[in-house]
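Enquirer: So here's run_31.cif, just mmCIF, C-alpha atoms:
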```
data_entry
#
loop_
_atom_site.group_PDB
_atom_site.id
_atom_site.type_symbol
_atom_site.label_atom_id
_atom_site.label_comp_id
_atom_site.auth_asym_id
_atom_site.auth_seq_id
_atom_site.Cartn_x
_atom_site.Cartn_y
_atom_site.Cartn_z
ATOM 1 C CA VAL A 1 29.132 117.438 315.639
ATOM 2 C CA GLN A 2 32.493 115.977 314.650
ATOM 3 C CA LEU A 3 34.518 117.341 311.756
ATOM 4 C CA GLN A 4 37.182 115.415 309.857
ATOM 5 C CA ALA A 5 39.371 117.415 307.483
ATOM 6 C CA SER A 6 41.448 115.806 304.763
ATOM 7 C CA GLY A 7 43.155 116.535 301.466
ATOM 8 C CA GLY A 8 46.232 118.431 302.551
ATOM 9 C CA GLY A 9 49.670 117.712 301.188
ATOM 10 C CA LEU A 10 52.734 119.043 299.439
ATOM 11 C CA VAL A 11 52.270 120.881 296.157
ATOM 12 C CA GLN A 12 54.373 123.154 293.998
ATOM 13 C CA ALA A 13 53.514 126.792 293.548
ATOM 14 C CA GLY A 14 50.805 127.170 290.921
ATOM 15 C CA GLY A 15 49.326 123.791 291.735
ATOM 16 C CA SER A 16 45.960 122.824 293.145
ATOM 17 C CA LEU A 17 44.536 120.920 296.077
ATOM 18 C CA ARG A 18 41.024 120.165 297.248
ATOM 19 C CA LEU A 19 40.350 119.959 300.944
ATOM 20 C CA SER A 20 37.346 118.105 302.305
ATOM 21 C CA CYS A 21 35.662 118.325 305.674
ATOM 22 C CA ALA A 22 33.198 115.607 306.552
ATOM 23 C CA ALA A 23 30.737 116.295 309.340
ATOM 24 C CA SER A 24 29.101 113.644 311.471
ATOM 25 C CA GLY A 25 26.696 113.701 314.359
ATOM 26 C CA ARG A 26 23.847 116.203 314.508
ATOM 27 C CA THR A 27 24.303 117.814 311.125
ATOM 28 C CA SER A 28 21.861 119.759 309.011
ATOM 29 C CA SER A 29 21.688 122.592 306.533
ATOM 30 C CA HIS A 30 21.374 124.933 309.531
ATOM 31 C CA TYR A 31 25.111 124.749 310.065
ATOM 32 C CA ALA A 32 27.266 127.516 308.667
ATOM 33 C CA MET A 33 30.701 126.218 307.791
ATOM 34 C CA GLY A 34 34.062 127.761 307.149
ATOM 35 C CA TRP A 35 37.757 127.225 306.590
ATOM 36 C CA PHE A 36 40.547 128.872 308.539
ATOM 37 C CA ARG A 37 44.301 128.503 308.383
ATOM 38 C CA GLN A 38 47.204 128.939 310.724
ATOM 39 C CA ALA A 39 50.716 129.452 309.452
ATOM 40 C CA PRO A 40 53.712 128.750 311.705
ATOM 41 C CA GLY A 41 54.073 131.466 314.317
ATOM 42 C CA LYS A 42 50.890 133.228 313.254
ATOM 43 C CA GLU A 43 47.323 133.434 314.447
ATOM 44 C CA ARG A 44 44.481 131.422 312.947
ATOM 45 C CA MET A 45 42.985 133.408 310.074
ATOM 46 C CA PHE A 46 39.742 133.284 308.152
ATOM 47 C CA VAL A 47 39.903 131.813 304.637
ATOM 48 C CA ALA A 48 36.382 131.128 303.388
ATOM 49 C CA ALA A 49 32.847 130.531 304.616
ATOM 50 C CA VAL A 50 29.547 129.291 303.252
ATOM 51 C CA THR A 51 25.957 129.399 304.432
ATOM 52 C CA GLY A 52 23.935 126.314 305.244
ATOM 53 C CA SER A 53 21.983 126.811 302.056
ATOM 54 C CA ALA A 54 25.267 127.037 300.110
ATOM 55 C CA ASP A 55 24.129 130.130 298.238
ATOM 56 C CA VAL A 56 26.302 132.733 299.962
ATOM 57 C CA THR A 57 30.075 132.607 300.315
ATOM 58 C CA ARG A 58 32.762 134.852 301.726
ATOM 59 C CA TYR A 59 36.499 134.885 301.093
ATOM 60 C CA GLU A 60 39.559 136.452 302.580
ATOM 61 C CA ASP A 61 40.992 138.954 300.130
ATOM 62 C CA SER A 62 44.221 137.073 299.386
ATOM 63 C CA VAL A 63 42.399 133.898 298.304
ATOM 64 C CA ARG A 64 39.458 135.392 296.441
ATOM 65 C CA GLY A 65 39.529 134.251 292.822
ATOM 66 C CA ARG A 66 41.848 131.327 293.628
ATOM 67 C CA PHE A 67 39.902 129.380 296.264
ATOM 68 C CA THR A 68 36.320 128.146 296.085
ATOM 69 C CA ILE A 69 34.287 126.905 299.017
ATOM 70 C CA SER A 70 31.343 124.609 298.400
ATOM 71 C CA ARG A 71 29.264 122.098 300.293
ATOM 72 C CA ASP A 72 27.237 118.997 299.637
ATOM 73 C CA ASN A 73 24.570 118.746 302.343
ATOM 74 C CA ALA A 74 23.564 115.278 301.185
ATOM 75 C CA LYS A 75 27.100 114.130 302.045
ATOM 76 C CA ASN A 76 27.530 116.480 305.051
ATOM 77 C CA THR A 77 30.763 117.653 303.494
ATOM 78 C CA VAL A 78 32.294 121.046 302.775
ATOM 79 C CA TYR A 79 35.097 121.494 300.274
ATOM 80 C CA LEU A 80 37.800 124.029 299.639
ATOM 81 C CA GLN A 81 39.160 123.976 296.097
ATOM 82 C CA MET A 82 42.498 125.755 296.077
ATOM 83 C CA ASN A 83 44.018 126.757 292.745
ATOM 84 C CA ASP A 84 47.133 128.716 291.851
ATOM 85 C CA LEU A 85 48.625 127.966 295.233
ATOM 86 C CA LYS A 86 51.401 130.178 296.545
ATOM 87 C CA PRO A 87 54.081 129.555 299.176
ATOM 88 C CA GLU A 88 52.283 131.989 301.469
ATOM 89 C CA ASP A 89 49.278 129.630 301.464
ATOM 90 C CA THR A 90 51.331 127.153 303.485
ATOM 91 C CA ALA A 91 49.491 126.512 306.732
ATOM 92 C CA VAL A 92 47.412 124.070 308.695
ATOM 93 C CA TYR A 93 43.867 124.378 307.417
ATOM 94 C CA TYR A 94 40.939 123.913 309.785
ATOM 95 C CA CYS A 95 37.269 123.499 309.013
ATOM 96 C CA ALA A 96 34.644 124.781 311.387
ATOM 97 C CA ALA A 97 30.898 124.576 311.826
ATOM 98 C CA SER A 98 28.264 126.226 313.934
ATOM 99 C CA PHE A 99 24.502 125.985 314.179
ATOM 100 C CA THR A 100 22.630 129.010 312.861
ATOM 101 C CA SER A 101 19.012 130.065 313.140
ATOM 102 C CA SER A 102 18.825 130.534 309.390
ATOM 103 C CA THR A 103 20.353 128.606 306.511
ATOM 104 C CA ARG A 104 21.450 131.937 305.017
ATOM 105 C CA VAL A 105 23.837 133.038 307.771
ATOM 106 C CA VAL A 106 27.532 133.178 306.861
ATOM 107 C CA ILE A 107 30.152 133.342 309.619
ATOM 108 C CA THR A 108 33.657 134.734 309.131
ATOM 109 C CA ASP A 109 34.590 135.236 312.802
ATOM 110 C CA ALA A 110 36.378 132.233 314.312
ATOM 111 C CA ARG A 111 34.964 133.081 317.745
ATOM 112 C CA ARG A 112 31.464 132.291 316.495
ATOM 113 C CA TYR A 113 32.278 128.732 315.455
ATOM 114 C CA LYS A 114 31.534 126.028 317.975
ATOM 115 C CA TYR A 115 32.928 122.937 316.249
ATOM 116 C CA TRP A 116 36.388 122.495 314.766
ATOM 117 C CA GLY A 117 38.151 119.810 312.792
ATOM 118 C CA GLN A 118 41.652 118.588 313.575
ATOM 119 C CA GLY A 119 43.402 120.436 310.752
ATOM 120 C CA THR A 120 45.167 119.323 307.606
ATOM 121 C CA LEU A 121 48.590 120.577 306.550
ATOM 122 C CA VAL A 122 49.069 122.276 303.206
ATOM 123 C CA THR A 123 52.635 122.944 302.116
ATOM 124 C CA VAL A 124 53.331 124.910 298.954
ATOM 125 C CA SER A 125 56.902 124.829 297.666
ATOM 126 C CA SER A 126 58.369 127.572 295.523
#
```
Take the structure in the file and give it back as structure tokens.
Expert:
Amino acid sequence: VQLQASGGGLVQAGGSLRLSCAASGRTSSHYAMGWFRQAPGKERMFVAAVTGSADVTRYEDSVRGRFTISRDNAKNTVYLQMNDLKPEDTAVYYCAASFTSSTRVVITDARRYKYWGQGTLVTVSS
């Protein structure tokens, strides 16, 4: 499975961006997917995750209510809609995927993801 993330850029505080992650290769609804981010000098952190069936989501506390993860299995794409962006959201954002035995498994631990995209930079100015 190959993942291609896109949609990053420079935005002012309070603005919005939508990240996309297109999957290719052996894809199916049995892949849990997630978004992580890594700010300069910090470890990669969980942001949001969604099940293969797209009916269960999880969010990191600081983004809950501002970010929305979704997926379109027909397009093999997962999205991260980011609203009310803050300077502390500045980071490289990575999408990840991993095969699961059930379409209703959600994964928030980076160590459980097998496939990773290349990252897309989000910069939020104050």
Enquirer: Show me, as a ChimeraX atom specification, the residues that have an atom within 7 Å of Thr77 of chain A when counting all atoms listed in the file, minus same-chain residues fewer than 2 positions from it.
Expert: /A:20-23,71-73,75,79
Enquirer: May I ask which of the residues A:Gly65, A:Gly34, A:Gly7, A:Gly25 is the closest one to Cys95 of chain A, counting only C-alpha atoms?
Expert: A:Gly34
Enquirer: Would you mind telling me which residue in A:Val11, A:Ala5, A:Ala91, A:Ala49 lies nearest to Val105 of chain A when using all atoms listed in the file?
Expert: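 Checking each of A:Val11, A:Ala5, A:Ala91, A:Ala49 against Val105 of chain A, counting all atoms listed in the file, the winner is A:Ala49.
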Enquirer: List the residues matched by the PyMOL selection byres ((chain A and resi 58) around 6) in the displayed structure as a ChimeraX atom specification, ordered by chain and then by residue number.
Expert: /A:48-49,57,59
Enquirer: Applied to the shown file, which residues does the PyMOL selection byres ((chain A and resi 53) around 12) return, written as an mmCIF file with C-alpha atoms, in the coordinates of the input?
Expert:
```cif
data_model
loop_
_atom_site.group_PDB
_atom_site.id
_atom_site.type_symbol
_atom_site.label_atom_id
_atom_site.label_comp_id
_atom_site.auth_asym_id
_atom_site.auth_seq_id
_atom_site.Cartn_x
_atom_site.Cartn_y
_atom_site.Cartn_z
ATOM 1 C CA SER A 28 21.861 119.759 309.011
ATOM 2 C CA SER A 29 21.688 122.592 306.533
ATOM 3 C CA HIS A 30 21.374 124.933 309.531
ATOM 4 C CA TYR A 31 25.111 124.749 310.065
ATOM 5 C CA ALA A 32 27.266 127.516 308.667
ATOM 6 C CA MET A 33 30.701 126.218 307.791
ATOM 7 C CA ALA A 49 32.847 130.531 304.616
ATOM 8 C CA VAL A 50 29.547 129.291 303.252
ATOM 9 C CA THR A 51 25.957 129.399 304.432
ATOM 10 C CA GLY A 52 23.935 126.314 305.244
ATOM 11 C CA ALA A 54 25.267 127.037 300.110
ATOM 12 C CA ASP A 55 24.129 130.130 298.238
ATOM 13 C CA VAL A 56 26.302 132.733 299.962
ATOM 14 C CA THR A 57 30.075 132.607 300.315
ATOM 15 C CA SER A 70 31.343 124.609 298.400
ATOM 16 C CA ARG A 71 29.264 122.098 300.293
ATOM 17 C CA ASP A 72 27.237 118.997 299.637
ATOM 18 C CA ASN A 73 24.570 118.746 302.343
ATOM 19 C CA ALA A 74 23.564 115.278 301.185
ATOM 20 C CA VAL A 78 32.294 121.046 302.775
ATOM 21 C CA THR A 100 22.630 129.010 312.861
ATOM 22 C CA SER A 101 19.012 130.065 313.140
ATOM 23 C CA SER A 102 18.825 130.534 309.390
ATOM 24 C CA THR A 103 20.353 128.606 306.511
ATOM 25 C CA ARG A 104 21.450 131.937 305.017
ATOM 26 C CA VAL A 105 23.837 133.038 307.771
ATOM 27 C CA VAL A 106 27.532 133.178 306.861
#
```
Enquirer: I'd like the contact shell of Tyr115 of chain A - 9 Å cut-off, all atoms listed in the file, skipping same-chain residues fewer than 5 positions apart - returned as a JSON list (two decimals) with C-alpha atoms, in the coordinates of the input.
Expert:
```json
[["chain", "number", "residue", "atom", "x", "y", "z"],
["A", 1, "VAL", "CA", 29.13, 117.44, 315.64],
["A", 2, "GLN", "CA", 32.49, 115.98, 314.65],
["A", 3, "LEU", "CA", 34.52, 117.34, 311.76],
["A", 95, "CYS", "CA", 37.27, 123.50, 309.01],
["A", 96, "ALA", "CA", 34.64, 124.78, 311.39],
["A", 97, "ALA", "CA", 30.90, 124.58, 311.83],
["A", 98, "SER", "CA", 28.26, 126.23, 313.93]]
```
Enquirer: Measure the distance from atom CA of Leu19 of chain A to atom CA of Lys42 of chain A in Å and round it to one decimal.
Expert: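 Taking atom CA of Leu19 of chain A as the start and atom CA of Lys42 of chain A as the end point, the length is 20.9 Å.
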Enquirer: Quick one: apply the PyMOL selection byres ((chain A and resi 14) around 7) to the file and drop the selected residues here as a PyMOL selection string.
Expert: chain A and resi 12-13+15-16+84-86
Enquirer: Record the distance separating atom CA of Thr123 of chain A and atom CA of Gln81 of chain A, expressed in Å with one decimal.
Expert: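 Value for the atom CA of Thr123 of chain A-atom CA of Gln81 of chain A distance: 14.8 Å.
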Enquirer: What does the distance between atom CA of Arg112 of chain A and atom CA of Phe46 of chain A come to in Å, to one decimal place?
Expert: 11.8 Å
Enquirer: Would you mind telling me which residue in A:Tyr94, A:Thr120, A:Phe99, A:Ile69 lies nearest to Thr27 of chain A when using only C-alpha atoms?
Expert: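 Ranking A:Tyr94, A:Thr120, A:Phe99, A:Ile69 by distance to Thr27 of chain A, first place goes to A:Phe99.
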Enquirer: Restricting the calculation to only C-alpha atoms: of A:Gln38, A:Ser125, A:Thr90, A:Ser62, which residue gets closest to Gly8 of chain A?
Expert: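 Among A:Gln38, A:Ser125, A:Thr90, A:Ser62, it is A:Thr90 that comes nearest to Gly8 of chain A.
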Enquirer: Might I get the box with edges along x, y and z of the file that holds all atoms of segment 5-16 of chain A listed there, padded by 8 Å on every side, given as centre and edge lengths in Å to one decimal, as AutoDock Vina command-line options?
Expert:
```
--center_x 46.9 --center_y 121.5 --center_z 299.2 --size_x 31.0 --size_y 27.4 --size_z 32.6
```
Enquirer: For a quick check of understanding, using all atoms listed in the file, which of A:Thr68, A:Thr108, A:Ser126, A:Gln118 has the smallest distance to Pro87 of chain A?
Expert: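 Selected residue with least distance to Pro87 of chain A: A:Ser126.
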Enquirer: Please produce segment 70-81 of chain A, completed to all heavy atoms, as an mmCIF file, in the coordinates of the input.
Expert:
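File produced: rebuild.cif:
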```cif
data_model
loop_
_atom_site.group_PDB
_atom_site.id
_atom_site.type_symbol
_atom_site.label_atom_id
_atom_site.label_comp_id
_atom_site.auth_asym_id
_atom_site.auth_seq_id
_atom_site.Cartn_x
_atom_site.Cartn_y
_atom_site.Cartn_z
ATOM 1 N N SER A 70 32.633 125.174 298.795
ATOM 2 C CA SER A 70 31.343 124.609 298.400
ATOM 3 C C SER A 70 30.949 123.563 299.430
ATOM 4 O O SER A 70 31.765 123.159 300.263
ATOM 5 C CB SER A 70 31.429 123.985 297.002
ATOM 6 O OG SER A 70 32.360 122.922 296.985
ATOM 7 N N ARG A 71 29.708 123.130 299.365
ATOM 8 C CA ARG A 71 29.264 122.098 300.293
ATOM 9 C C ARG A 71 28.233 121.215 299.628
ATOM 10 O O ARG A 71 27.508 121.643 298.726
ATOM 11 C CB ARG A 71 28.701 122.718 301.576
ATOM 12 C CG ARG A 71 27.419 123.505 301.397
ATOM 13 C CD ARG A 71 27.053 124.243 302.673
ATOM 14 N NE ARG A 71 26.656 123.336 303.754
ATOM 15 C CZ ARG A 71 26.572 123.703 305.030
ATOM 16 N NH1 ARG A 71 26.875 124.933 305.388
ATOM 17 N NH2 ARG A 71 26.169 122.840 305.943
ATOM 18 N N ASP A 72 28.209 119.981 300.091
ATOM 19 C CA ASP A 72 27.237 118.997 299.637
ATOM 20 C C ASP A 72 26.487 118.534 300.887
ATOM 21 O O ASP A 72 27.006 117.710 301.651
ATOM 22 C CB ASP A 72 27.948 117.838 298.946
ATOM 23 C CG ASP A 72 26.978 116.820 298.365
ATOM 24 O OD1 ASP A 72 25.827 116.736 298.834
ATOM 25 O OD2 ASP A 72 27.385 116.078 297.456
ATOM 26 N N ASN A 73 25.307 119.068 301.112
ATOM 27 C CA ASN A 73 24.570 118.746 302.343
ATOM 28 C C ASN A 73 24.122 117.288 302.372
ATOM 29 O O ASN A 73 23.954 116.721 303.449
ATOM 30 C CB ASN A 73 23.378 119.681 302.506
ATOM 31 C CG ASN A 73 23.807 121.081 302.923
ATOM 32 O OD1 ASN A 73 24.876 121.263 303.507
ATOM 33 N ND2 ASN A 73 22.999 122.077 302.625
ATOM 34 N N ALA A 74 23.941 116.694 301.212
ATOM 35 C CA ALA A 74 23.564 115.278 301.185
ATOM 36 C C ALA A 74 24.696 114.401 301.727
ATOM 37 O O ALA A 74 24.455 113.337 302.297
ATOM 38 C CB ALA A 74 23.213 114.855 299.769
ATOM 39 N N LYS A 75 25.935 114.867 301.562
ATOM 40 C CA LYS A 75 27.100 114.130 302.045
ATOM 41 C C LYS A 75 27.662 114.735 303.333
ATOM 42 O O LYS A 75 28.680 114.249 303.839
ATOM 43 C CB LYS A 75 28.189 114.111 300.975
ATOM 44 C CG LYS A 75 27.796 113.369 299.707
ATOM 45 C CD LYS A 75 28.945 113.366 298.721
ATOM 46 C CE LYS A 75 28.567 112.590 297.459
ATOM 47 N NZ LYS A 75 29.670 112.572 296.464
ATOM 48 N N ASN A 76 27.034 115.803 303.835
ATOM 49 C CA ASN A 76 27.530 116.480 305.051
ATOM 50 C C ASN A 76 29.004 116.838 304.913
ATOM 51 O O ASN A 76 29.798 116.627 305.839
ATOM 52 C CB ASN A 76 27.309 115.604 306.282
ATOM 53 C CG ASN A 76 25.849 115.422 306.604
ATOM 54 O OD1 ASN A 76 25.049 116.327 306.444
ATOM 55 N ND2 ASN A 76 25.494 114.231 307.042
ATOM 56 N N THR A 77 29.362 117.372 303.769
ATOM 57 C CA THR A 77 30.763 117.653 303.494
ATOM 58 C C THR A 77 30.910 119.053 302.908
ATOM 59 O O THR A 77 30.104 119.465 302.065
ATOM 60 C CB THR A 77 31.350 116.618 302.524
ATOM 61 O OG1 THR A 77 31.229 115.319 303.103
ATOM 62 C CG2 THR A 77 32.815 116.901 302.252
ATOM 63 N N VAL A 78 31.937 119.757 303.353
ATOM 64 C CA VAL A 78 32.294 121.046 302.775
ATOM 65 C C VAL A 78 33.666 120.902 302.135
ATOM 66 O O VAL A 78 34.516 120.147 302.622
ATOM 67 C CB VAL A 78 32.287 122.159 303.846
ATOM 68 C CG1 VAL A 78 33.344 121.923 304.903
ATOM 69 C CG2 VAL A 78 32.465 123.525 303.213
ATOM 70 N N TYR A 79 33.857 121.587 301.040
ATOM 71 C CA TYR A 79 35.097 121.494 300.274
ATOM 72 C C TYR A 79 35.763 122.865 300.165
ATOM 73 O O TYR A 79 35.103 123.898 300.220
ATOM 74 C CB TYR A 79 34.807 120.971 298.864
ATOM 75 C CG TYR A 79 34.072 119.655 298.835
ATOM 76 C CD1 TYR A 79 32.689 119.614 298.669
ATOM 77 C CD2 TYR A 79 34.758 118.452 298.967
ATOM 78 C CE1 TYR A 79 32.006 118.415 298.642
ATOM 79 C CE2 TYR A 79 34.079 117.245 298.939
ATOM 80 C CZ TYR A 79 32.706 117.237 298.780
ATOM 81 O OH TYR A 79 32.037 116.038 298.750
ATOM 82 N N LEU A 80 37.057 122.819 299.960
ATOM 83 C CA LEU A 80 37.800 124.029 299.639
ATOM 84 C C LEU A 80 38.717 123.697 298.467
ATOM 85 O O LEU A 80 39.725 123.004 298.633
ATOM 86 C CB LEU A 80 38.623 124.541 300.823
ATOM 87 C CG LEU A 80 39.321 125.877 300.585
ATOM 88 C CD1 LEU A 80 38.281 127.002 300.456
ATOM 89 C CD2 LEU A 80 40.312 126.197 301.709
ATOM 90 N N GLN A 81 38.335 124.157 297.288
ATOM 91 C CA GLN A 81 39.160 123.976 296.097
ATOM 92 C C GLN A 81 40.171 125.109 296.056
ATOM 93 O O GLN A 81 39.786 126.280 296.027
ATOM 94 C CB GLN A 81 38.293 123.984 294.840
ATOM 95 C CG GLN A 81 39.082 123.867 293.552
ATOM 96 C CD GLN A 81 39.773 122.525 293.404
ATOM 97 O OE1 GLN A 81 39.191 121.489 293.685
ATOM 98 N NE2 GLN A 81 41.021 122.554 292.959
#
```
